[in-house]
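Participant: Questions regarding the structure given below will be posed in turn.
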Amino acid sequence: MKYLWIVSLILGCVLSACGSLAVDPSIIVTWMQATTEPTNIQLRDEPAPSFSFTTFDGVDYQLSDFRGKVVVLNFWSSWCVECGYESESLQAVWEYYAPSENVVFLGVAYADNEARSLEYIEQYGITYLNTYDLNRYISDDYGVTGVPETFIIDQDGNITHFIYGVSSEAQLTSIIEGLLTRGTTQ
């Protein structure tokens with residue numbers, strides 16, 4: 001997203017410098033919003049797309065295995081600088097909720113290879129479940145356009161929150177607490 005802002009700034013400067021071309025700055029802002037607005041926001045308040053996965057440890061799961069729990073589904077990549085910034089917050093919140101067994105964290109390595117993903121997991125001391133999505137089957141179902149992106153799924157299997165970009169401990173804790181207090185509706 002940062003690169004789009006830079007491109008927009010350069011484009012605006014070039015067009016403005018042409019003298020004979022009058023450029024309305026709102027055109028650039030509209031273009032920026034159209035190219036950076038996440039499309040997966042439409043999944044909010046909808047059932048989470050189901051999928052099966054194998055963790056890096058070789059254990060098979062289905063998303064539905066976690067029905068009755070809050071699921072924090074985070075898409076990341078080893079090459080993503082922002083994902084590294086976010087990893088400490090995710091791990092801290094996971095460690096806080098892990099003993100309760102009411103919350104599951106699942107990391108999905110987006111378009112990344114297994115060796116680099118495992119190095120990333122080790123580098124950041126990540127202990128929650130992680131899987132790979134080299135062919136982007138899972139991320140395509142969720143409409144992921146970049147990383148990091150995080151979906152919070154309630155105990156009934158519905159997406160209740162979507163975080164585009166880096167999430168914080170306070171943000172995650174607030175969302176999780178609200179869902180745990182609410183419980184299931186079915």
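Chain labels run A, B, ... following the order of the structure tokens; each chain numbers its residues from 1, and ligands are numbered from 1 in the order shown.
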If you count only C-alpha atoms, which residues fall within 6 Å of Ala109 in chain A, apart from same-chain ones fewer than 6 positions away, as JSON, numbers by chain?

Facilitator: {"A": [76, 77, 132, 133]}

Participant: Would you list the contacts of Gly165 in chain A as a compact mmCIF listing (two decimals) with N, CA and C atoms, in the first residue's frame, taking every protein, DNA or RNA residue within 8 Å and counting only C-alpha atoms, but skipping same-chain residues closer than 3 positions in sequence?

Facilitator:
```txt
# COMPACT_ATOMS: atom_id res chain seq x y z
N GLU A 82 5.96 -5.99 7.55
CA GLU A 82 4.89 -5.67 8.50
C GLU A 82 4.46 -6.91 9.28
N VAL A 147 -0.53 -9.04 2.59
CA VAL A 147 -0.34 -9.44 3.98
C VAL A 147 0.30 -8.31 4.77
N PRO A 148 0.04 -8.24 6.06
CA PRO A 148 -0.81 -9.14 6.83
C PRO A 148 -2.29 -8.78 6.72
N GLU A 149 -3.12 -9.78 6.82
CA GLU A 149 -4.56 -9.63 6.91
C GLU A 149 -5.05 -10.64 7.93
N THR A 150 -5.98 -10.21 8.78
CA THR A 150 -6.45 -11.07 9.87
C THR A 150 -7.97 -11.09 9.89
```

Participant: Any idea what the distance is between CA of Ser168 in chain A and CA of Gly143 in chain A?

Facilitator: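 Computing it gives 21.7 Å between the two atoms.
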
Participant: For the contact check between range 128-168 of chain A and range 42-60 of chain A, emit one row per residue of range 128-168 of chain A within 9 Å, containing the shortest atom pair and the distance in Å rounded to one decimal, counting only C-alpha atoms, chain then rising number order, as CSV.

Facilitator:
```
residue,atom,partner,partner_atom,distance
A:Leu129,CA,A:Thr55,CA,6.5
A:Asn130,CA,A:Thr55,CA,5.4
A:Thr131,CA,A:Thr55,CA,4.4
A:Tyr132,CA,A:Phe56,CA,7.4
A:Asp133,CA,A:Phe53,CA,8.9
A:Tyr137,CA,A:Phe51,CA,8.9
A:Ile138,CA,A:Phe51,CA,6.9
A:Asp141,CA,A:Pro49,CA,6.4
A:Tyr142,CA,A:Pro49,CA,6.9
A:Gly143,CA,A:Leu43,CA,8.5
A:Phe151,CA,A:Arg44,CA,8.7
A:Ile153,CA,A:Ala48,CA,6.9
A:Asp156,CA,A:Pro47,CA,8.3
A:Gly157,CA,A:Pro47,CA,5.8
A:Asn158,CA,A:Pro47,CA,4.1
A:Ile159,CA,A:Arg44,CA,5.2
A:Thr160,CA,A:Asp45,CA,5.3
A:His161,CA,A:Arg44,CA,6.3
A:Phe162,CA,A:Arg44,CA,6.9
```

Participant: Please save N, CA and C atoms of the selected residues as a PDB file, in the first residue's frame.

Facilitator:
```pdb
ATOM      1  N   LEU A 129      -0.775 -22.684  15.796  1.00  0.00           N
ATOM      2  CA  LEU A 129      -0.873 -23.460  14.559  1.00  0.00           C
ATOM      3  C   LEU A 129      -0.531 -22.606  13.341  1.00  0.00           C
ATOM      4  N   ASN A 130       0.175 -23.201  12.404  1.00  0.00           N
ATOM      5  CA  ASN A 130       0.497 -22.542  11.146  1.00  0.00           C
ATOM      6  C   ASN A 130       0.442 -23.546  10.011  1.00  0.00           C
ATOM      7  N   THR A 131       0.016 -23.065   8.859  1.00  0.00           N
ATOM      8  CA  THR A 131      -0.027 -23.879   7.660  1.00  0.00           C
ATOM      9  C   THR A 131       0.475 -23.046   6.483  1.00  0.00           C
ATOM     10  N   TYR A 132       0.664 -23.684   5.375  1.00  0.00           N
ATOM     11  CA  TYR A 132       1.140 -22.990   4.179  1.00  0.00           C
ATOM     12  C   TYR A 132       0.020 -22.910   3.146  1.00  0.00           C
ATOM     13  N   ASP A 133       0.116 -21.921   2.299  1.00  0.00           N
ATOM     14  CA  ASP A 133      -0.875 -21.709   1.245  1.00  0.00           C
ATOM     15  C   ASP A 133      -0.147 -21.275  -0.025  1.00  0.00           C
ATOM     16  N   TYR A 137      -4.933 -21.226  -2.304  1.00  0.00           N
ATOM     17  CA  TYR A 137      -6.320 -21.696  -2.306  1.00  0.00           C
ATOM     18  C   TYR A 137      -7.105 -21.084  -1.139  1.00  0.00           C
ATOM     19  N   ILE A 138      -6.519 -21.115   0.047  1.00  0.00           N
ATOM     20  CA  ILE A 138      -7.204 -20.571   1.224  1.00  0.00           C
ATOM     21  C   ILE A 138      -7.338 -19.061   1.082  1.00  0.00           C
ATOM     22  N   ASP A 141     -10.026 -17.925  -1.301  1.00  0.00           N
ATOM     23  CA  ASP A 141     -11.376 -18.038  -0.734  1.00  0.00           C
ATOM     24  C   ASP A 141     -11.704 -16.885   0.202  1.00  0.00           C
ATOM     25  N   TYR A 142     -10.683 -16.336   0.849  1.00  0.00           N
ATOM     26  CA  TYR A 142     -10.874 -15.225   1.777  1.00  0.00           C
ATOM     27  C   TYR A 142     -10.652 -13.862   1.113  1.00  0.00           C
ATOM     28  N   GLY A 143     -10.279 -13.862  -0.148  1.00  0.00           N
ATOM     29  CA  GLY A 143     -10.095 -12.607  -0.869  1.00  0.00           C
ATOM     30  C   GLY A 143      -8.861 -11.835  -0.445  1.00  0.00           C
ATOM     31  N   PHE A 151      -8.516 -12.274  10.031  1.00  0.00           N
ATOM     32  CA  PHE A 151      -9.957 -12.482  10.155  1.00  0.00           C
ATOM     33  C   PHE A 151     -10.228 -13.054  11.539  1.00  0.00           C
ATOM     34  N   ILE A 153     -13.006 -15.073  13.609  1.00  0.00           N
ATOM     35  CA  ILE A 153     -14.164 -15.931  13.380  1.00  0.00           C
ATOM     36  C   ILE A 153     -14.768 -16.271  14.737  1.00  0.00           C
ATOM     37  N   ASP A 156     -19.554 -19.468  16.301  1.00  0.00           N
ATOM     38  CA  ASP A 156     -20.529 -20.054  15.373  1.00  0.00           C
ATOM     39  C   ASP A 156     -19.970 -20.224  13.961  1.00  0.00           C
ATOM     40  N   GLY A 157     -18.704 -19.838  13.757  1.00  0.00           N
ATOM     41  CA  GLY A 157     -18.075 -19.999  12.450  1.00  0.00           C
ATOM     42  C   GLY A 157     -18.284 -18.845  11.493  1.00  0.00           C
ATOM     43  N   ASN A 158     -18.673 -17.678  12.025  1.00  0.00           N
ATOM     44  CA  ASN A 158     -18.890 -16.498  11.184  1.00  0.00           C
ATOM     45  C   ASN A 158     -17.744 -15.498  11.343  1.00  0.00           C
ATOM     46  N   ILE A 159     -17.388 -14.858  10.252  1.00  0.00           N
ATOM     47  CA  ILE A 159     -16.373 -13.811  10.309  1.00  0.00           C
ATOM     48  C   ILE A 159     -17.015 -12.573  10.930  1.00  0.00           C
ATOM     49  N   THR A 160     -16.458 -12.128  12.047  1.00  0.00           N
ATOM     50  CA  THR A 160     -17.015 -10.952  12.722  1.00  0.00           C
ATOM     51  C   THR A 160     -16.144  -9.724  12.563  1.00  0.00           C
ATOM     52  N   HIS A 161     -14.858  -9.926  12.360  1.00  0.00           N
ATOM     53  CA  HIS A 161     -13.937  -8.795  12.236  1.00  0.00           C
ATOM     54  C   HIS A 161     -12.890  -9.097  11.176  1.00  0.00           C
ATOM     55  N   PHE A 162     -12.463  -8.045  10.505  1.00  0.00           N
ATOM     56  CA  PHE A 162     -11.415  -8.132   9.509  1.00  0.00           C
ATOM     57  C   PHE A 162     -10.420  -7.007   9.778  1.00  0.00           C
TER      58      PHE A 162
END
```

Participant: A:Ser139, A:Gln123, A:Val71, A:Ser78: which is nearest Ile176 in chain A, counting only C-alpha atoms?

Facilitator: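 That would be A:Val71, the residue with the smallest distance to Ile176 in chain A.
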
Participant: When you draw a straight line from CA of Val166 in chain A to CA of Val103 in chain A, how long is it in Å?

Facilitator: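 Between CA of Val166 in chain A and CA of Val103 in chain A the gap works out to 19.6 Å.
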
Participant: Find, counting only C-alpha atoms, the residue in A:Ala92, A:Ala170, A:Leu134, A:Val144 that gets nearest to Arg116 in chain A.

Facilitator: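 Selected residue with least distance to Arg116 in chain A: A:Leu134.
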